[in-house]
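Asks: One structure is given below, represented as structure tokens, and several questions about it will come after.
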Amino acid sequence: MSYTLKQIADLVGGQIIGNDQIVISGINSLVEAKEGEISFFSDRRYEKSLRSTKASALLVAGHTDLYAGSQVVVPRPALSHARVAGLFSFPGPAFSGISDKALIHKSSVIGKNTTVFPMVYIGEDAVIGDEVTLFPGVFVGDRVRIGHRTVLYPNVTILERCIIGNDVAIHAGTVIGSDGFGYVRDGSKNVKIPQIGIVQIDDDVEIGANNCVDRAALGTTWIKRGVKTDNLVQIAHNVVVGEDTVIVAQAAIAGSAHIGKEVVLGGQVAISDHVHIHDRAMVGSQSGVPKDVKSGEIVSGSPAMPHRLWLRTSGLLPRLPNFSERLRALEKKMESLENQIKSKTTE
Amino acid sequence: MSYTLKQIADLVGGQIIGNDQIVISGINSLVEAKEGEISFFSDRRYEKSLRSTKASALLVAGHTDLYAGSQVVVPRPALSHARVAGLFSFPGPAFSGISDKALIHKSSVIGKNTTVFPMVYIGEDAVIGDEVTLFPGVFVGDRVRIGHRTVLYPNVTILERCIIGNDVAIHAGTVIGSDGFGYVRDGSKNVKIPQIGIVQIDDDVEIGANNCVDRAALGTTWIKRGVKTDNLVQIAHNVVVGEDTVIVAQAAIAGSAHIGKEVVLGGQVAISDHVHIHDRAMVGSQSGVPKDVKSGEIVSGSPAMPHRLWLRTSGLLPRLPNFSERLRALEKKMESLENQIKSKTTE
Amino acid sequence: MSYTLKQIADLVGGQIIGNDQIVISGINSLVEAKEGEISFFSDRRYEKSLRSTKASALLVAGHTDLYAGSQVVVPRPALSHARVAGLFSFPGPAFSGISDKALIHKSSVIGKNTTVFPMVYIGEDAVIGDEVTLFPGVFVGDRVRIGHRTVLYPNVTILERCIIGNDVAIHAGTVIGSDGFGYVRDGSKNVKIPQIGIVQIDDDVEIGANNCVDRAALGTTWIKRGVKTDNLVQIAHNVVVGEDTVIVAQAAIAGSAHIGKEVVLGGQVAISDHVHIHDRAMVGSQSGVPKDVKSGEIVSGSPAMPHRLWLRTSGLLPRLPNFSERLRALEKKMESLENQIKSKTTE
């Protein structure tokens with residue numbers, strides 16, 4: 001695949017400064033770009049790479065003198081980069097159609113132009129939309145519903161009765177609808193609470209690889225429109241995650257926690273059960289959040305505190321040995337002063 | 001499925017106050033319950049929901065005036081909830097029998113009324129009990145033994161020679177018997193120590209989704225009766241986990257650690273290698289435990305300390321900037337006082 | 001399988017003190033060894049077990065009086081243990097050859113003596129070397145290349161165009177080549193940046209179970225020769241991991257971070273994006289590393305600091321309540337002294 005620079009500029013609504021007939025055959029970082037590739041510049045830290053890049057064209061927010069080649073001026077180079085990268089992404093898999101090596105229960109319904117690879121299992125009364133792709137090793141349980149244009153990567157498991165929306169991507173190895181972790185103690189034994197709810201995943205959600213999203217004990221574990229999760233994320237039963245929220249790798253959300261919309265949870269974060277993280281809040285990586293977080297608040301640390309306070313606090317942590325010494329020194333001086341004053345008083 | 005309230009009361013040994021002929025068709029939380037459903041009340045925090053619930057009946061520890069409908073008085077509503085939820089859990093999968101699309105080595109032995117889905121692989125000399133369910137994508141290695149009534153969910157991997165007991169559930173994507181992480185350094189290279197032990201999982205264990213339980217270097221990694229693990233848990237080689245212990249999501253237990261019985265490990269906990277956590281100890285979420293923990297002790301923090309001390313310590317962490325200022329202020333005052341006294345002495 | 005002690009001593013280049021014709025049928029720990037088995041002693045903590053072991057022979061660095069049986073003196077017993085354990089590891093799987101129940105695109109090329117289990121999927125134009133083993137449930141995407149003698153355990157997913165070297169082992173459930181977590185914010189929405197790079201894994205790498213290694217946004221996520229990762233590890237897009245580096249369970253490396261060679265990352269570590277961990281550095285478990293770490297440096301804590309400082313700091317954490325009280329006491333005394341001096345001055 002290759003495109004003229006004019007075609008690319010038209011796609012992203014950019015203005016060309018330079019030759020608009022250059023042929024572009026790929027996109028790459030400033031450092032790795034070869035001749036014939038386009039690159040992008042949106043972060044001043046990479047100014048040095050601008051001078052040395054071999055890229056044949058550049059997406060840029062305003063014309064720069066540091067680069068001699070053709071430039072496409074766009075309001076947001078990072079956003080344009082995302083669009084142009086789409087041009088050069090590799091073609092879909094070689095396989096298409098519904099494999100006769102897939103196992104599909106006769107009661108299930110499959111839409112138009114849907115691809116079912118070999119070694120997919122689809123259970124009873126499942127309903128699958130149009131233009132869906134199910135890779136090998138995918139398990140679709142009884143009565144599952146999947147919308148249009150959704151992609152389930154290899155070895156994804158969707159357990160019975162869960163509902164997946166349109167334009168959803170679920171990456172390899174992820175499990176949707178596993179039992180929530182619910183037991184009642186009876187003496188020393190743990191009696192299982194049957195987990196009879198479901199998971200509902202709305203449109204435009206992307207779930208990373210090897211995630212676990214547990215079904216509700218009762219009712220619904222609900223991942224709303226536009227949520228994006230990284231790899232190895234844990235979402236427990238009855239959790240609700242609001243629209244356009246972003247969850248970084250290895251974060252864990254405990255049971256019945258409620259995450260608002262446009263929230264960002266950093267990597268390895270732990271949200272305690274029943275906690276409410278309100279809209280547009282941000283939680284720094286490795287934080288532990290035992291209490292509600294207000295709308296727009298930024299917190300960090302374990303237990304979490306306001307992020308600015310955490311920056312100061314964590315900066316002081318390595319000074320604890322110093323504090324300890326200074327405390328001891330003060331106590332000695334205090335004792336000495338007290339003695340001096342006492343002796344004077346008794347003089 | 002529906003039941004009269006009397007049938008439900010008989011199941012849980014409860015006493016009905018109200019109409020015992022109401023027909024109950026489901027169970028739900030106070031907030032989500034619809035007419036015809038039963039709910040339960042065991043936590044005072046939900047008193048408000050009691051007044052507004054639409055549930056047609058209530059499991060409760062003692063008659064309450066806040067709810068007008070029929071009540072079933074039971075000693076422990078949460079436990080009764082678990083039993084009643086079992087009545088309304090969805091039926092098993094549509095598939096039953098041994099699929100001719102499964103691949104089963106001819107030397108292996110499979111019990112009565114066992115379900116083997118298509119796309120299951122069972123290796124040489126495996127022995128599988130009665131009423132077992134193996135979902136699609138399950139791999140059962142050579143010489144594995146699996147007891148009665150055990151369920152392996154989709155894409156579970158049980159590697160060679162591991163032993164799984166009766167009434168065990170292993171959720172989707174989990175790996176039992178992967179190699180332990182053992183190397184000997186030889187110069188800059190890491191020479192692998194062949195991991196020739198096994199994993200043994202005893203009766204009534206439930207393992208969450210996408211867990212990893214490594215086989216022993218030599219001998220046995222041993223998960224004892226009644227253990228419950230949440231999702232994404234890591235259990236390293238030669239670990240022993242005692243009866244009825246509960247391990248929350250993303251916890252990790254390093255090599256040769258020994259966890260006692262009825263222990264609770266919180267989410268994202270890390271237990272160091274060779275550490276011994278004694279019976280009925282509890283470890284707070286995100287804690288790091290480098291040393292043994294005594295029987296019944298509750299610890300938190302990284303590194304872990306007694307839980308009460310951690311509560312006080314972590315409560316003081318955000319005050320470090322304040323401490324720093326106060327230290328400096330004291331030092332100034334001290335210097336000033338010392339100067340005053342010195343000047344007086346030399347007056 | 002059994003060997004004379006002489007055969008074993010010859011294998012490890014050891015010197016026998018005792019009977020070189022003893023027949024050895026296994027290897028085990030000092031505590032678990034039975035008659036006919038060999039054990040090893042390399043850690044003084046286990047001296048007690050030396051006296052009571054039932055092992056018939058011992059690998060040891062120097063003759064010991066605490067053990068009465070035959071001894072094989074070797075420079076490094078742990079290394080010799082690794083070699084001898086190899087003698088007693090169980091035989092490979094019963095299956096061999098290329099199953100007609102595997103699905104292999106006709107355009108792909110498979111080397112000599114390679115084992116492809118049933119229920120393996122191999123896509124278009126894939127190239128797979130000699131003596132490779134692909135277990136059931138393995139997915140090999142279009143245009144993937146795999147070297148010689150590599151083993152992919154059950155339910156491993158290798159997505160399109162990734163490159164795997166020779167003598168690599170990838171344990172069950174691991175995903176190689178999932179999309180990197182890259183979005184550009186456009187208002188409240190997150191626009192996906194197509195991830196069009198690849199993952200390259202070099203020779204002699206071992207990747208644990210249920211890992212995720214994301215493909216690069218552009219270019220290559222690169223795991224170099226001899227790297228070993230434990231289970232549930234997350235490696236984000238465009239990360240580079242240097243030769244012979246060791247990564248313990250549940251560690252996470254964020255995008256574009258660069259890990260040097262012979263580095264050790266402890267369990268549950270988090271490395272921030274774009275951070276550079278230089279050669280032979282070590283990062284303690286549960287640490288969070290927001291900044292570069294110098295060659296050979298040892299760091300711990302979250303945020304990370306020099307390990308020795310962390311030992312002192314973390315040792316003082318539980319004393320914060322004590323510090324708080326002492327600060328208050330000092331302030332009171334200070335006030336009292338100031339008052340005394342003021343009253344004297346005004347006398």
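Letters A, B, ... go to the chains of the structure tokens in the order shown; residues in each chain start at 1; ligands are counted from 1 in the same order.
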Please report, as CSV, each residue of chain A lying at most 8 Å from chain C, together with the nearest pair of atoms and the separation in Å rounded to one decimal; use only C-alpha atoms, and order rows by chain and ascending residue number.
Replies:
residue,atom,partner,partner_atom,distance
A:Ile27,CA,C:Leu218,CA,7.7
A:Asn28,CA,C:Leu218,CA,5.7
A:Ser29,CA,C:Leu218,CA,6.8
A:Glu32,CA,C:Gly219,CA,7.3
A:Ala78,CA,C:Val184,CA,6.6
A:Leu79,CA,C:Val184,CA,5.8
A:His81,CA,C:Ile193,CA,7.5
A:Ala82,CA,C:Ile193,CA,4.3
A:Arg83,CA,C:Ile193,CA,7.4
A:Ala85,CA,C:Pro194,CA,5.8
A:Gly86,CA,C:Pro194,CA,5.6
A:Phe88,CA,C:Ile196,CA,7.5
A:Ser89,CA,C:Ile196,CA,5.3
A:Phe90,CA,C:Ile196,CA,6.9
A:Pro93,CA,C:Asp142,CA,6.7
A:Ala94,CA,C:Glu124,CA,6.3
A:Pro118,CA,C:Leu103,CA,7.5
A:Met119,CA,C:Met119,CA,6.9
A:Pro136,CA,C:Phe139,CA,7.0
A:Gly137,CA,C:Gly137,CA,6.4
A:Pro154,CA,C:Thr157,CA,6.6
A:Asn155,CA,C:Asn155,CA,6.8
A:His171,CA,C:Ser178,CA,6.7
A:Ala172,CA,C:Val175,CA,6.5
A:Gly173,CA,C:Gly173,CA,6.6
A:Gly208,CA,C:Ser178,CA,7.8
A:Ala209,CA,C:Cys212,CA,6.7
A:Asn210,CA,C:Asn210,CA,6.9
A:Gly226,CA,C:Lys189,CA,7.1
A:Asp230,CA,C:Phe181,CA,5.9
A:Asn231,CA,C:Cys212,CA,6.8
A:Leu232,CA,C:Gln234,CA,7.4
A:Asp244,CA,C:Lys189,CA,6.1
A:Ala249,CA,C:Gln234,CA,7.3
A:Gln250,CA,C:Ala252,CA,7.8
A:Glu262,CA,C:Ser188,CA,6.8
A:Gly267,CA,C:Ala270,CA,7.7
A:Gln268,CA,C:Ala270,CA,7.7
A:Gln286,CA,C:Gly288,CA,7.4
A:Ser314,CA,C:Pro303,CA,6.9
A:Leu317,CA,C:Thr313,CA,6.9
A:Pro318,CA,C:Thr313,CA,6.0
A:Arg319,CA,C:Thr313,CA,7.5
A:Leu320,CA,C:Thr313,CA,5.6
A:Pro321,CA,C:Thr313,CA,6.0
A:Ser324,CA,C:Phe323,CA,7.6
A:Leu327,CA,C:Leu327,CA,7.5
A:Leu330,CA,C:Leu330,CA,7.9
A:Glu331,CA,C:Leu330,CA,7.0
A:Met334,CA,C:Leu330,CA,7.6
A:Glu338,CA,C:Leu337,CA,7.4
Asks: Please return as an mmCIF file with N, CA, C and O atoms, in the first residue's frame: the residues of range 124-228 of chain B that backbone DSSP assigns to strand (DSSP E or B).
Replies:
data_model
loop_
_atom_site.group_PDB
_atom_site.id
_atom_site.type_symbol
_atom_site.label_atom_id
_atom_site.label_comp_id
_atom_site.auth_asym_id
_atom_site.auth_seq_id
_atom_site.Cartn_x
_atom_site.Cartn_y
_atom_site.Cartn_z
ATOM 1 N N VAL B 127 -6.635 -40.165 33.988
ATOM 2 C CA VAL B 127 -7.775 -40.802 34.660
ATOM 3 C C VAL B 127 -8.720 -39.706 35.125
ATOM 4 O O VAL B 127 -8.324 -38.821 35.884
ATOM 5 N N ILE B 128 -9.955 -39.760 34.658
ATOM 6 C CA ILE B 128 -10.933 -38.719 34.949
ATOM 7 C C ILE B 128 -12.164 -39.360 35.561
ATOM 8 O O ILE B 128 -12.660 -40.372 35.055
ATOM 9 N N THR B 133 -17.038 -32.185 34.273
ATOM 10 C CA THR B 133 -17.312 -31.408 33.054
ATOM 11 C C THR B 133 -16.024 -30.761 32.557
ATOM 12 O O THR B 133 -15.366 -30.023 33.297
ATOM 13 N N LEU B 134 -15.670 -31.042 31.311
ATOM 14 C CA LEU B 134 -14.495 -30.432 30.687
ATOM 15 C C LEU B 134 -14.983 -29.581 29.517
ATOM 16 O O LEU B 134 -15.466 -30.105 28.514
ATOM 17 N N PHE B 139 -7.112 -28.536 28.204
ATOM 18 C CA PHE B 139 -6.009 -29.453 27.939
ATOM 19 C C PHE B 139 -5.726 -30.258 29.203
ATOM 20 O O PHE B 139 -5.467 -29.669 30.264
ATOM 21 N N VAL B 140 -5.777 -31.569 29.074
ATOM 22 C CA VAL B 140 -5.459 -32.470 30.190
ATOM 23 C C VAL B 140 -4.236 -33.271 29.770
ATOM 24 O O VAL B 140 -4.312 -34.079 28.837
ATOM 25 N N ARG B 145 -4.577 -36.896 36.832
ATOM 26 C CA ARG B 145 -5.719 -37.544 37.483
ATOM 27 C C ARG B 145 -6.696 -36.477 37.975
ATOM 28 O O ARG B 145 -6.300 -35.527 38.633
ATOM 29 N N ILE B 146 -7.976 -36.667 37.646
ATOM 30 C CA ILE B 146 -9.021 -35.719 38.041
ATOM 31 C C ILE B 146 -10.130 -36.494 38.740
ATOM 32 O O ILE B 146 -10.584 -37.526 38.237
ATOM 33 N N VAL B 151 -15.167 -29.491 37.698
ATOM 34 C CA VAL B 151 -15.479 -28.732 36.481
ATOM 35 C C VAL B 151 -14.245 -27.941 36.048
ATOM 36 O O VAL B 151 -13.697 -27.163 36.831
ATOM 37 N N LEU B 152 -13.814 -28.138 34.808
ATOM 38 C CA LEU B 152 -12.737 -27.318 34.232
ATOM 39 C C LEU B 152 -13.368 -26.449 33.150
ATOM 40 O O LEU B 152 -13.868 -26.952 32.148
ATOM 41 N N THR B 157 -5.714 -25.245 31.339
ATOM 42 C CA THR B 157 -4.600 -26.134 31.011
ATOM 43 C C THR B 157 -4.136 -26.865 32.269
ATOM 44 O O THR B 157 -3.746 -26.218 33.244
ATOM 45 N N ILE B 158 -4.200 -28.193 32.241
ATOM 46 C CA ILE B 158 -3.664 -28.999 33.355
ATOM 47 C C ILE B 158 -2.502 -29.798 32.782
ATOM 48 O O ILE B 158 -2.714 -30.706 31.969
ATOM 49 N N ILE B 163 -2.494 -33.654 39.826
ATOM 50 C CA ILE B 163 -3.585 -34.401 40.461
ATOM 51 C C ILE B 163 -4.629 -33.411 40.963
ATOM 52 O O ILE B 163 -4.318 -32.526 41.754
ATOM 53 N N ILE B 164 -5.861 -33.569 40.486
ATOM 54 C CA ILE B 164 -6.963 -32.684 40.875
ATOM 55 C C ILE B 164 -8.007 -33.530 41.589
ATOM 56 O O ILE B 164 -8.359 -34.602 41.100
ATOM 57 N N ALA B 169 -13.506 -26.728 41.194
ATOM 58 C CA ALA B 169 -13.836 -25.901 40.027
ATOM 59 C C ALA B 169 -12.599 -25.097 39.662
ATOM 60 O O ALA B 169 -11.982 -24.483 40.535
ATOM 61 N N ILE B 170 -12.232 -25.125 38.395
ATOM 62 C CA ILE B 170 -11.097 -24.316 37.920
ATOM 63 C C ILE B 170 -11.608 -23.450 36.776
ATOM 64 O O ILE B 170 -12.084 -23.957 35.760
ATOM 65 N N VAL B 175 -3.909 -22.003 34.457
ATOM 66 C CA VAL B 175 -2.854 -22.952 34.118
ATOM 67 C C VAL B 175 -2.377 -23.652 35.383
ATOM 68 O O VAL B 175 -1.929 -22.996 36.323
ATOM 69 N N ILE B 176 -2.488 -24.958 35.406
ATOM 70 C CA ILE B 176 -2.031 -25.758 36.556
ATOM 71 C C ILE B 176 -0.862 -26.613 36.089
ATOM 72 O O ILE B 176 -0.999 -27.381 35.132
ATOM 73 N N GLY B 177 0.282 -26.445 36.756
ATOM 74 C CA GLY B 177 1.417 -27.318 36.444
ATOM 75 C C GLY B 177 2.421 -26.737 35.469
ATOM 76 O O GLY B 177 3.262 -27.466 34.924
ATOM 77 N N SER B 178 2.363 -25.409 35.258
ATOM 78 C CA SER B 178 3.432 -24.765 34.482
ATOM 79 C C SER B 178 4.749 -24.928 35.254
ATOM 80 O O SER B 178 4.750 -25.142 36.468
ATOM 81 N N TYR B 183 16.168 -21.177 38.180
ATOM 82 C CA TYR B 183 17.389 -21.136 37.376
ATOM 83 C C TYR B 183 18.592 -21.078 38.308
ATOM 84 O O TYR B 183 18.495 -20.603 39.436
ATOM 85 N N VAL B 184 19.710 -21.552 37.841
ATOM 86 C CA VAL B 184 20.967 -21.357 38.553
ATOM 87 C C VAL B 184 21.839 -20.469 37.672
ATOM 88 O O VAL B 184 21.961 -20.725 36.470
ATOM 89 N N ARG B 185 22.397 -19.457 38.259
ATOM 90 C CA ARG B 185 23.249 -18.546 37.497
ATOM 91 C C ARG B 185 24.573 -19.231 37.188
ATOM 92 O O ARG B 185 25.187 -19.835 38.061
ATOM 93 N N ASP B 186 24.995 -19.134 35.927
ATOM 94 C CA ASP B 186 26.290 -19.689 35.520
ATOM 95 C C ASP B 186 26.951 -18.612 34.676
ATOM 96 O O ASP B 186 26.664 -18.477 33.494
ATOM 97 N N LYS B 189 24.687 -16.278 32.310
ATOM 98 C CA LYS B 189 23.563 -17.089 31.839
ATOM 99 C C LYS B 189 22.752 -17.658 33.007
ATOM 100 O O LYS B 189 23.282 -17.857 34.093
ATOM 101 N N ASN B 190 21.496 -17.956 32.733
ATOM 102 C CA ASN B 190 20.641 -18.622 33.711
ATOM 103 C C ASN B 190 20.341 -20.023 33.216
ATOM 104 O O ASN B 190 19.678 -20.206 32.197
ATOM 105 N N VAL B 191 20.849 -21.010 33.956
ATOM 106 C CA VAL B 191 20.644 -22.412 33.585
ATOM 107 C C VAL B 191 19.358 -22.897 34.241
ATOM 108 O O VAL B 191 19.180 -22.770 35.453
ATOM 109 N N LYS B 192 18.476 -23.446 33.425
ATOM 110 C CA LYS B 192 17.178 -23.880 33.941
ATOM 111 C C LYS B 192 17.325 -25.106 34.842
ATOM 112 O O LYS B 192 18.019 -26.059 34.501
ATOM 113 N N ILE B 198 5.128 -31.966 40.773
ATOM 114 C CA ILE B 198 3.744 -31.864 40.292
ATOM 115 C C ILE B 198 2.979 -30.810 41.088
ATOM 116 O O ILE B 198 3.521 -30.183 41.995
ATOM 117 N N VAL B 199 1.706 -30.613 40.699
ATOM 118 C CA VAL B 199 0.748 -29.863 41.510
ATOM 119 C C VAL B 199 -0.322 -30.838 41.969
ATOM 120 O O VAL B 199 -0.806 -31.654 41.172
ATOM 121 N N GLN B 200 -0.672 -30.746 43.247
ATOM 122 C CA GLN B 200 -1.800 -31.528 43.762
ATOM 123 C C GLN B 200 -2.848 -30.570 44.319
ATOM 124 O O GLN B 200 -2.539 -29.713 45.150
ATOM 125 N N ILE B 201 -4.080 -30.707 43.841
ATOM 126 C CA ILE B 201 -5.180 -29.853 44.303
ATOM 127 C C ILE B 201 -6.220 -30.759 44.947
ATOM 128 O O ILE B 201 -6.715 -31.683 44.301
ATOM 129 N N GLU B 206 -11.680 -24.208 44.826
ATOM 130 C CA GLU B 206 -12.117 -23.432 43.660
ATOM 131 C C GLU B 206 -10.993 -22.469 43.287
ATOM 132 O O GLU B 206 -10.505 -21.706 44.127
ATOM 133 N N ILE B 207 -10.559 -22.547 42.044
ATOM 134 C CA ILE B 207 -9.466 -21.703 41.537
ATOM 135 C C ILE B 207 -10.069 -20.738 40.519
ATOM 136 O O ILE B 207 -10.780 -21.160 39.615
ATOM 137 N N CYS B 212 -2.177 -18.968 37.811
ATOM 138 C CA CYS B 212 -1.051 -19.844 37.481
ATOM 139 C C CYS B 212 -0.609 -20.571 38.744
ATOM 140 O O CYS B 212 -0.282 -19.924 39.741
ATOM 141 N N VAL B 213 -0.600 -21.882 38.694
ATOM 142 C CA VAL B 213 -0.080 -22.679 39.812
ATOM 143 C C VAL B 213 1.053 -23.532 39.259
ATOM 144 O O VAL B 213 0.829 -24.451 38.468
ATOM 145 N N ASP B 214 2.275 -23.206 39.662
ATOM 146 C CA ASP B 214 3.452 -23.890 39.097
ATOM 147 C C ASP B 214 3.698 -25.248 39.747
ATOM 148 O O ASP B 214 3.520 -25.405 40.964
ATOM 149 N N THR B 220 5.993 -31.603 45.451
ATOM 150 C CA THR B 220 4.609 -31.222 45.176
ATOM 151 C C THR B 220 4.297 -29.796 45.586
ATOM 152 O O THR B 220 4.613 -29.386 46.692
ATOM 153 N N THR B 221 3.676 -29.030 44.672
ATOM 154 C CA THR B 221 2.985 -27.798 45.041
ATOM 155 C C THR B 221 1.584 -28.229 45.445
ATOM 156 O O THR B 221 0.899 -28.905 44.671
ATOM 157 N N TRP B 222 1.161 -27.844 46.650
ATOM 158 C CA TRP B 222 -0.003 -28.513 47.232
ATOM 159 C C TRP B 222 -1.072 -27.509 47.679
ATOM 160 O O TRP B 222 -0.828 -26.699 48.573
ATOM 161 N N ILE B 223 -2.245 -27.571 47.041
ATOM 162 C CA ILE B 223 -3.377 -26.727 47.411
ATOM 163 C C ILE B 223 -4.378 -27.616 48.133
ATOM 164 O O ILE B 223 -4.971 -28.503 47.521
ATOM 165 N N LYS B 228 -9.937 -21.369 48.295
ATOM 166 C CA LYS B 228 -10.615 -20.599 47.254
ATOM 167 C C LYS B 228 -9.671 -19.507 46.778
ATOM 168 O O LYS B 228 -9.177 -18.712 47.596
#
Asks: Could you write out, as a PyMOL selection string, all the residues of range 64-291 of chain A that DSSP marks as alpha helix (DSSP H)?
Replies: chain A and resi 77-88
Asks: Write out as a ChimeraX atom specification each polymer residue whose atoms come within 6 Å of Ile247 in chain B, counting only C-alpha atoms; drop sequence neighbours fewer than 6 positions from it.
Replies: /B:229,264-265
Asks: Just want the 12 Å neighbourhood of His63 in chain A, counted on only C-alpha atoms, with same-chain residues fewer than 2 positions away dropped. Output as a list in words.
Replies: Gly14, Gln15, Ile16, Ile17, Gly18, Phe40, Phe41, Ser42, Ala57, Leu58, Leu59, Val60, Ala61, Asp65, Leu66, Tyr67, Ala68, Gly69, Ser70, Gln71, Val72, Val73, Val74, Pro75 and Pro77 of chain A
